[in-house]
>>> print(open('my_file_3.tsv').read())   # TSV, C-alpha atoms
chain	number	residue	atom	x	y	z
R	194	MET	CA	-8.76	-22.15	4.66
R	195	VAL	CA	-7.72	-19.56	7.17
R	196	THR	CA	-8.92	-20.83	10.49
R	197	LYS	CA	-8.05	-18.11	12.97
R	198	GLN	CA	-11.15	-15.98	13.44
R	199	THR	CA	-11.98	-13.10	15.73
R	200	ASN	CA	-15.23	-11.15	15.83
R	201	GLY	CA	-16.58	-13.30	13.02
R	202	ARG	CA	-13.82	-12.30	10.57
R	203	PRO	CA	-10.53	-14.05	10.01
R	204	GLY	CA	-7.65	-12.44	11.86
R	205	ARG	CA	-9.41	-9.28	13.02
R	206	LEU	CA	-7.93	-7.78	16.19
R	207	SER	CA	-10.13	-7.03	19.17
R	208	PRO	CA	-11.04	-3.35	19.72
R	209	GLU	CA	-8.86	-3.28	22.85
R	210	ARG	CA	-5.84	-4.62	20.98
R	211	LEU	CA	-6.52	-2.32	18.04
R	212	ALA	CA	-6.57	0.74	20.30
R	213	GLU	CA	-2.87	0.32	21.12
R	214	PRO	CA	-1.44	0.97	17.62
R	215	THR	CA	-4.04	3.64	16.80
R	216	HIS	CA	-2.64	7.17	16.77
R	217	PRO	CA	-4.57	10.40	16.31
R	218	PRO	CA	-3.20	13.06	13.92
R	219	ARG	CA	0.00	14.61	15.28
R	220	TYR	CA	-0.89	18.02	13.87
R	221	THR	CA	-3.67	19.61	15.85
R	222	THR	CA	-5.53	21.91	13.48
R	223	LEU	CA	-7.04	20.97	10.15
R	224	ALA	CA	-4.99	23.66	8.41
R	225	GLU	CA	-1.74	22.27	9.85
R	226	ARG	CA	-2.70	18.78	8.80
R	227	ARG	CA	-3.53	19.94	5.28
R	228	VAL	CA	-0.18	21.75	4.97
R	229	ALA	CA	1.70	18.72	6.28
R	230	LEU	CA	0.02	16.43	3.76
R	231	LYS	CA	0.76	18.84	0.92
R	232	GLN	CA	4.41	19.15	1.95
R	233	ALA	CA	4.73	15.39	2.37
R	234	THR	CA	3.49	14.58	-1.09
R	235	GLU	CA	5.16	17.31	-3.08
R	236	GLY	CA	8.70	17.56	-1.77
R	237	LEU	CA	10.27	14.22	-2.57
R	238	ARG	CA	11.82	13.90	-6.02
R	239	VAL	CA	14.25	11.27	-7.26
R	240	LYS	CA	16.11	10.73	-10.52
R	241	VAL	CA	14.87	7.22	-11.23
R	242	ARG	CA	11.56	5.43	-11.46
R	243	VAL	CA	10.77	3.41	-8.34
R	244	THR	CA	9.50	-0.03	-9.28
R	245	SER	CA	7.97	-2.63	-6.99
R	246	ASP	CA	11.07	-4.84	-7.03
R	247	MET	CA	12.93	-1.97	-5.37
R	248	TYR	CA	10.97	-2.49	-2.15
R	249	GLY	CA	11.11	-6.24	-2.18
R	250	ARG	CA	8.07	-7.16	-4.26
R	251	ARG	CA	8.25	-9.53	-7.17
F	149	MET	CA	-14.98	6.07	1.94
F	150	PRO	CA	-14.48	2.91	4.04
F	151	ASP	CA	-13.29	3.58	7.58
F	152	PRO	CA	-10.62	2.46	8.28
F	153	ILE	CA	-9.02	2.13	4.87
F	154	ALA	CA	-5.78	0.19	4.44
F	155	LEU	CA	-2.85	1.48	2.37
F	156	ASP	CA	-0.41	-0.72	0.50
F	157	THR	CA	3.20	0.26	-0.18
F	158	SER	CA	2.61	0.45	-3.94
F	159	PHE	CA	0.11	3.27	-3.39
F	160	VAL	CA	2.14	5.10	-0.73
F	161	VAL	CA	5.28	5.14	-2.90
F	162	GLU	CA	3.40	6.71	-5.81
F	163	ALA	CA	1.70	9.25	-3.55
F	164	LEU	CA	4.90	10.11	-1.68
F	165	ILE	CA	7.40	10.53	-4.52
F	166	ALA	CA	6.50	13.41	-6.80
F	167	THR	CA	8.50	12.05	-9.75
F	168	GLN	CA	6.62	8.75	-9.91
F	169	PRO	CA	4.45	8.24	-13.02
F	170	LEU	CA	1.23	7.72	-11.06
F	171	HIS	CA	1.82	10.47	-8.53
F	172	GLY	CA	-0.76	12.61	-10.30
F	173	VAL	CA	-3.38	9.95	-9.59
F	174	CYS	CA	-2.35	8.71	-6.16
F	175	ASN	CA	-1.67	12.09	-4.56
F	176	PRO	CA	-5.22	13.38	-5.19
F	177	PHE	CA	-6.59	10.08	-3.97
F	178	LEU	CA	-4.62	10.41	-0.73
F	179	THR	CA	-6.03	13.92	-0.39
F	180	ARG	CA	-9.52	12.44	-0.85
F	181	ILE	CA	-8.81	10.00	1.97
F	182	PHE	CA	-7.62	12.91	4.12
F	183	GLU	CA	-10.63	15.11	3.34
F	184	SER	CA	-13.05	12.27	4.11
F	185	GLY	CA	-11.62	12.05	7.64
F	186	VAL	CA	-11.29	8.27	7.75
F	187	SER	CA	-8.52	6.40	9.57
F	188	VAL	CA	-5.79	4.70	7.59
F	189	ALA	CA	-4.39	1.29	8.48
F	190	THR	CA	-0.88	0.30	7.49
F	191	SER	CA	1.40	-2.61	8.21
F	192	GLU	CA	4.64	-1.97	10.10
F	193	LEU	CA	6.20	-3.61	7.08
F	194	LEU	CA	5.47	-0.52	4.99
F	195	ARG	CA	8.16	1.47	6.80
F	196	VAL	CA	10.71	-1.30	6.17
F	197	GLU	CA	9.77	-1.38	2.48
F	198	LEU	CA	10.28	2.39	2.25
F	199	VAL	CA	13.78	1.97	3.74
F	200	GLU	CA	14.49	-0.72	1.16
F	201	ALA	CA	13.24	1.56	-1.60
F	202	ALA	CA	15.37	4.49	-0.44
F	203	PHE	CA	18.59	2.50	-0.67
F	204	ALA	CA	17.52	0.91	-3.95
F	205	ILE	CA	16.90	4.39	-5.40
F	206	ALA	CA	20.43	5.43	-4.43
F	207	LEU	CA	21.84	2.31	-6.08
F	208	LYS	CA	19.74	2.76	-9.21
F	209	GLU	CA	20.73	6.41	-9.52
F	210	ARG	CA	24.38	5.34	-9.48
F	211	TRP	CA	24.26	2.08	-11.40
F	212	GLY	CA	21.12	2.26	-13.52
F	213	GLY	CA	19.70	-1.11	-14.54
F	214	ARG	CA	22.66	-2.94	-12.97
F	215	TRP	CA	21.81	-1.73	-9.45
F	216	ARG	CA	20.98	-5.20	-8.10
F	217	ARG	CA	24.54	-6.40	-8.66
F	218	HIS	CA	25.88	-3.55	-6.55
F	219	ARG	CA	23.82	-3.92	-3.38
F	220	ILE	CA	26.92	-3.98	-1.20
F	221	ASP	CA	28.46	-0.92	-2.82
F	222	GLY	CA	29.15	1.38	0.12
F	223	ARG	CA	29.52	4.47	-2.10
F	224	SER	CA	25.74	4.61	-2.55
F	225	ARG	CA	24.99	4.52	1.15
F	226	PRO	CA	25.44	8.23	1.98
F	227	ARG	CA	22.91	9.13	-0.74
F	228	GLY	CA	20.76	6.22	0.47
F	229	SER	CA	20.86	7.53	4.03
F	230	ARG	CA	19.80	11.03	2.94
F	231	LEU	CA	17.00	9.57	0.85
F	232	LEU	CA	15.98	7.38	3.76
F	233	ASN	CA	15.72	10.37	6.10
F	234	ASP	CA	13.75	12.35	3.51
F	235	THR	CA	11.42	9.44	2.73
F	236	LEU	CA	10.66	8.63	6.35
F	237	HIS	CA	10.23	12.33	7.17
F	238	HIS	CA	7.64	12.71	4.41
F	239	TYR	CA	5.97	9.44	5.39
F	240	GLU	CA	5.74	10.64	9.01
F	241	GLN	CA	4.15	13.86	7.76
F	242	ILE	CA	1.48	11.85	5.96
F	243	LEU	CA	0.83	9.73	9.03
F	244	GLY	CA	0.85	12.80	11.25
F	245	SER	CA	-1.94	14.37	9.25
F	246	LEU	CA	-4.25	11.36	9.59
F	247	THR	CA	-5.60	9.06	12.25
F	248	GLN	CA	-3.48	5.99	11.62
F	249	ILE	CA	-3.39	2.42	12.78
F	250	SER	CA	0.03	0.80	12.43
F	251	ILE	CA	-0.51	-2.94	12.68
F	252	PRO	CA	2.45	-4.76	14.28
F	253	LEU	CA	3.79	-7.65	12.24
F	254	GLY	CA	3.64	-9.89	15.30
F	255	ASP	CA	-0.15	-9.64	15.30
F	256	VAL	CA	-0.57	-10.85	11.72
F	257	THR	CA	2.03	-13.54	11.20
F	258	ALA	CA	-0.40	-16.43	11.68
F	259	VAL	CA	-2.96	-15.06	9.23
F	260	ALA	CA	-0.29	-13.96	6.75
F	261	THR	CA	1.20	-17.44	6.82
F	262	ALA	CA	-2.23	-18.94	6.21
F	263	PHE	CA	-2.75	-16.59	3.23
F	264	MET	CA	0.55	-17.71	1.76
F	265	THR	CA	-0.15	-21.41	2.15
F	266	ASP	CA	-3.83	-21.29	1.21
F	267	TYR	CA	-3.74	-18.86	-1.72
F	268	GLY	CA	-0.12	-18.67	-2.87
F	269	ILE	CA	0.12	-14.95	-2.15
F	270	ALA	CA	3.65	-13.59	-1.65
F	271	SER	CA	4.91	-12.87	1.84
F	272	TYR	CA	4.88	-9.06	1.72
F	273	ASP	CA	1.43	-8.98	0.12
F	274	ALA	CA	0.19	-11.48	2.70
F	275	ALA	CA	1.45	-9.26	5.53
F	276	HIS	CA	-0.36	-6.22	4.09
F	277	ALA	CA	-3.58	-8.14	3.48
F	278	ALA	CA	-3.51	-9.66	6.97
F	279	SER	CA	-2.84	-6.22	8.46
F	280	ALA	CA	-5.79	-4.73	6.61
F	281	ILE	CA	-8.03	-7.46	7.93
F	282	ALA	CA	-6.57	-7.16	11.44
F	283	ALA	CA	-7.49	-3.46	11.43
F	284	GLY	CA	-11.01	-4.22	10.27
F	285	ALA	CA	-10.44	-2.36	6.99
F	286	ASP	CA	-12.99	-3.11	4.30
F	287	ALA	CA	-10.77	-1.83	1.54
F	288	LEU	CA	-7.11	-1.82	0.61
F	289	VAL	CA	-5.73	0.91	-1.64
F	290	THR	CA	-3.19	-0.69	-3.92
F	291	LEU	CA	-1.77	-0.75	-7.41
F	292	ASP	CA	-0.70	-4.37	-7.06
F	293	THR	CA	-2.90	-6.94	-8.83
F	294	ALA	CA	-1.32	-9.77	-6.81
F	295	PHE	CA	-3.91	-9.14	-4.09
F	296	ALA	CA	-6.44	-10.65	-6.50
F	297	LEU	CA	-5.20	-14.04	-5.34
F	298	LEU	CA	-7.29	-13.57	-2.21
F	299	PRO	CA	-10.90	-14.71	-2.55
F	300	ALA	CA	-13.74	-12.24	-2.46
F	301	SER	CA	-15.21	-14.12	0.48
F	302	PHE	CA	-13.01	-12.01	2.73
F	303	ALA	CA	-15.44	-9.18	2.09
F	304	TYR	CA	-12.41	-7.13	1.48
F	305	ARG	CA	-12.24	-4.77	-1.48
F	306	LEU	CA	-9.41	-3.70	-3.68
F	307	HIS	CA	-9.63	0.03	-4.02
F	308	ARG	CA	-7.72	1.15	-7.07
F	309	PRO	CA	-7.27	4.87	-7.54
F	310	LEU	CA	-6.60	4.41	-11.26
F	311	GLU	CA	-10.05	3.54	-12.53
F	312	GLY	CA	-11.47	6.13	-14.88
F	313	ARG	CA	-8.59	8.51	-14.32
F	314	LEU	CA	-6.11	7.44	-16.97
F	315	PRO	CA	-6.14	7.35	-20.76
F	316	PRO	CA	-7.60	3.99	-21.94
F	317	LYS	CA	-4.27	2.39	-22.85
F	318	GLN	CA	-2.57	3.32	-19.57
F	319	ALA	CA	-5.64	2.42	-17.53
F	320	ALA	CA	-5.80	-1.00	-19.16
F	321	SER	CA	-2.19	-1.72	-18.32
F	322	SER	CA	-2.83	-1.02	-14.64
F	323	SER	CA	-6.17	-2.74	-14.28
F	324	GLY	CA	-7.73	-6.14	-14.21
F	325	GLN	CA	-7.75	-6.21	-18.01
F	326	VAL	CA	-4.06	-6.90	-18.00
F	327	ALA	CA	-4.44	-9.20	-15.03
F	328	ARG	CA	-6.96	-11.15	-17.07
F	329	GLY	CA	-4.82	-11.12	-20.20
F	330	ARG	CA	-1.39	-11.77	-18.83
F	331	ARG	CA	-0.69	-12.31	-15.20
F	332	LEU	CA	-3.68	-14.15	-13.86
F	333	ARG	CA	-4.82	-16.21	-16.83
F	334	PRO	CA	-3.85	-19.57	-15.27
F	335	ARG	CA	-5.76	-18.77	-12.11
F	336	GLN	CA	-9.30	-18.58	-13.34
F	337	ARG	CA	-10.85	-19.12	-9.92
F	338	ASN	CA	-8.94	-16.24	-8.42
F	339	LEU	CA	-9.61	-14.11	-11.44
F	340	GLU	CA	-13.32	-14.48	-10.78
F	341	ALA	CA	-12.71	-13.36	-7.22
F	342	TYR	CA	-10.75	-10.39	-8.49
F	343	THR	CA	-13.50	-9.46	-10.90
F	344	SER	CA	-16.17	-9.68	-8.26
F	345	MET	CA	-14.11	-7.59	-5.87
F	346	ASP	CA	-13.84	-5.00	-8.60
F	347	GLY	CA	-17.46	-5.00	-9.60
F	348	PRO	CA	-19.66	-1.95	-9.29
F	349	THR	CA	-21.51	-3.45	-6.33
F	350	SER	CA	-18.31	-3.84	-4.36
F	351	GLY	CA	-16.74	-0.52	-5.31
F	352	CYS	CA	-16.16	1.95	-2.54
F	353	PRO	CA	-18.71	4.74	-2.38
F	354	ARG	CA	-17.58	8.21	-3.25
F	355	PRO	CA	-17.61	10.58	-0.29
>>> encode(input="my_file_3.tsv", output="structure tokens")
Amino acid sequence: MVTKQTNGRPGRLSPERLAEPTHPPRYTTLAERRVALKQATEGLRVKVRVTSDMYGRR
Amino acid sequence: MPDPIALDTSFVVEALIATQPLHGVCNPFLTRIFESGVSVATSELLRVELVEAAFAIALKERWGGRWRRHRIDGRSRPRGSRLLNDTLHHYEQILGSLTQISIPLGDVTAVATAFMTDYGIASYDAAHAASAIAAGADALVTLDTAFALLPASFAYRLHRPLEGRLPPKQAASSSGQVARGRRLRPRQRNLEAYTSMDGPTSGCPRP
């Protein structure tokens, strides 16, 4: 079994450690954030189907 | 919606690339995550996997099904580099619109190793699962049934955006039904864990 435990759960980082890699939204307003998300998910098109083996999975 | 919620590469790829077959399912689900205002947790590994995917796309566009044999073909690299820049730019836009926790690989290697040795989970999956747990995420959004190898005792839920949103045949091929029928049949114990993680009592509440 997994033996390393923190805060009663295996492998959970402490709140202090977790604060370091936590980043707030870069875009300040909700409208900007919504536009950014829409642009991010609608602009990228490729000619082939991306399968899991193409990013190293089995 | 669980807060934070962890994202696996399989979900991010489908949400990010508009030509992917499950984009129509994953993109609205990502919007739901955004609208609910929860934080997202990702492994640092996700960025590396996106880089890998970008160059693999360039190879596959040039060589089709024989792309693996041509990994060292330098002629695909300019296209790969452009795709890489585009992919990371769009990924940064997603992250920039959310509160995000990027778990360093160095913080999860011990737990990921334990997952691999204890449950036979593959290295990349182990890193994502360990990162989700490190961030305190109660759910992991994924399309990958391999996470079912982890026992339900981790109080850690698989959140699949596909349920109830696809025609029956397509939904079955991307759900535990196929895992039960094909991939996970020899692992009955883990299958039970998978089923219990997927049960209505462990499903994530709708916002």
>>> atom_distance(input="my_file_3.tsv", atom1="atom CA of Arg217 of chain F", atom2="atom CA of Tyr272 of chain F")
22.4 Å
>>> closest_residue(input="my_file_3.tsv", among="F:Leu246, F:Leu236, F:Ala166, F:Lys208", to="Val196 of chain F", atoms="only C-alpha atoms")
F:Leu236
>>> residues_around(input="my_file_3.tsv", residues="segment 275-279 of chain F", least_positions_apart="4", cutoff="10 Å", atoms="all atoms listed in the file", output="number ranges by chain")
R: 203-206; F: 154-157, 189-194, 249-253, 255-264, 269-271, 283-285, 287-288, 295, 298, 304
>>> interface_residues(input="my_file_3.tsv", of="chain R", to="chain F", cutoff="8 Å", atoms="only C-alpha atoms", output="NGL selection string")
:R and (194-195 or 197 or 202-206 or 211 or 214-220 or 225-227 or 229-230 or 232-243 or 245 or 247-250)
>>> atom_distance(input="my_file_3.tsv", atom1="atom CA of Glu209 of chain R", atom2="atom CA of Gly254 of chain F")
16.0 Å
>>> atom_distance(input="my_file_3.tsv", atom1="atom CA of Asn233 of chain F", atom2="atom CA of Arg195 of chain F")
11.7 Å
>>> axis_aligned_box(input="my_file_3.tsv", around="segment 220-228 of chain R", padding_each_side="8 Å", output="AutoDock Vina command-line options")
--center_x -3.6 --center_y 20.8 --center_z 10.4 --size_x 22.9 --size_y 21.6 --size_z 26.9
>>> decode(input="my_file_3.tsv", residues="segment 214-225 of chain R", atoms="N, CA and C atoms", output="short mmCIF file (atom, residue, chain, number, x, y, z; two decimals), in the first residue's frame")
data_model
loop_
_atom_site.label_atom_id
_atom_site.label_comp_id
_atom_site.auth_asym_id
_atom_site.auth_seq_id
_atom_site.Cartn_x
_atom_site.Cartn_y
_atom_site.Cartn_z
N PRO R 214 2.56 26.56 -6.06
CA PRO R 214 2.20 26.37 -7.49
C PRO R 214 0.77 26.78 -7.83
N THR R 215 0.10 27.51 -6.93
CA THR R 215 -1.27 27.96 -7.21
C THR R 215 -1.24 29.36 -7.82
N HIS R 216 -1.88 29.48 -8.98
CA HIS R 216 -1.86 30.77 -9.69
C HIS R 216 -3.29 31.25 -9.93
N PRO R 217 -3.57 32.48 -9.62
CA PRO R 217 -4.90 33.03 -9.91
C PRO R 217 -5.05 33.24 -11.42
N PRO R 218 -6.27 33.48 -11.90
CA PRO R 218 -6.46 33.72 -13.34
C PRO R 218 -5.62 34.91 -13.80
N ARG R 219 -4.98 34.76 -14.96
CA ARG R 219 -4.14 35.83 -15.50
C ARG R 219 -5.01 36.99 -16.00
N TYR R 220 -6.15 36.64 -16.56
CA TYR R 220 -7.06 37.68 -17.07
C TYR R 220 -7.90 38.20 -15.91
N THR R 221 -8.02 39.51 -15.84
CA THR R 221 -8.60 40.10 -14.63
C THR R 221 -10.12 40.03 -14.58
N THR R 222 -10.77 40.43 -15.65
CA THR R 222 -12.24 40.46 -15.59
C THR R 222 -12.82 39.13 -16.06
N LEU R 223 -14.05 38.90 -15.63
CA LEU R 223 -14.75 37.67 -16.01
C LEU R 223 -14.96 37.61 -17.52
N ALA R 224 -15.25 38.76 -18.11
CA ALA R 224 -15.48 38.79 -19.56
C ALA R 224 -14.20 38.41 -20.32
N GLU R 225 -13.06 38.95 -19.86
CA GLU R 225 -11.78 38.61 -20.50
C GLU R 225 -11.48 37.12 -20.38
#
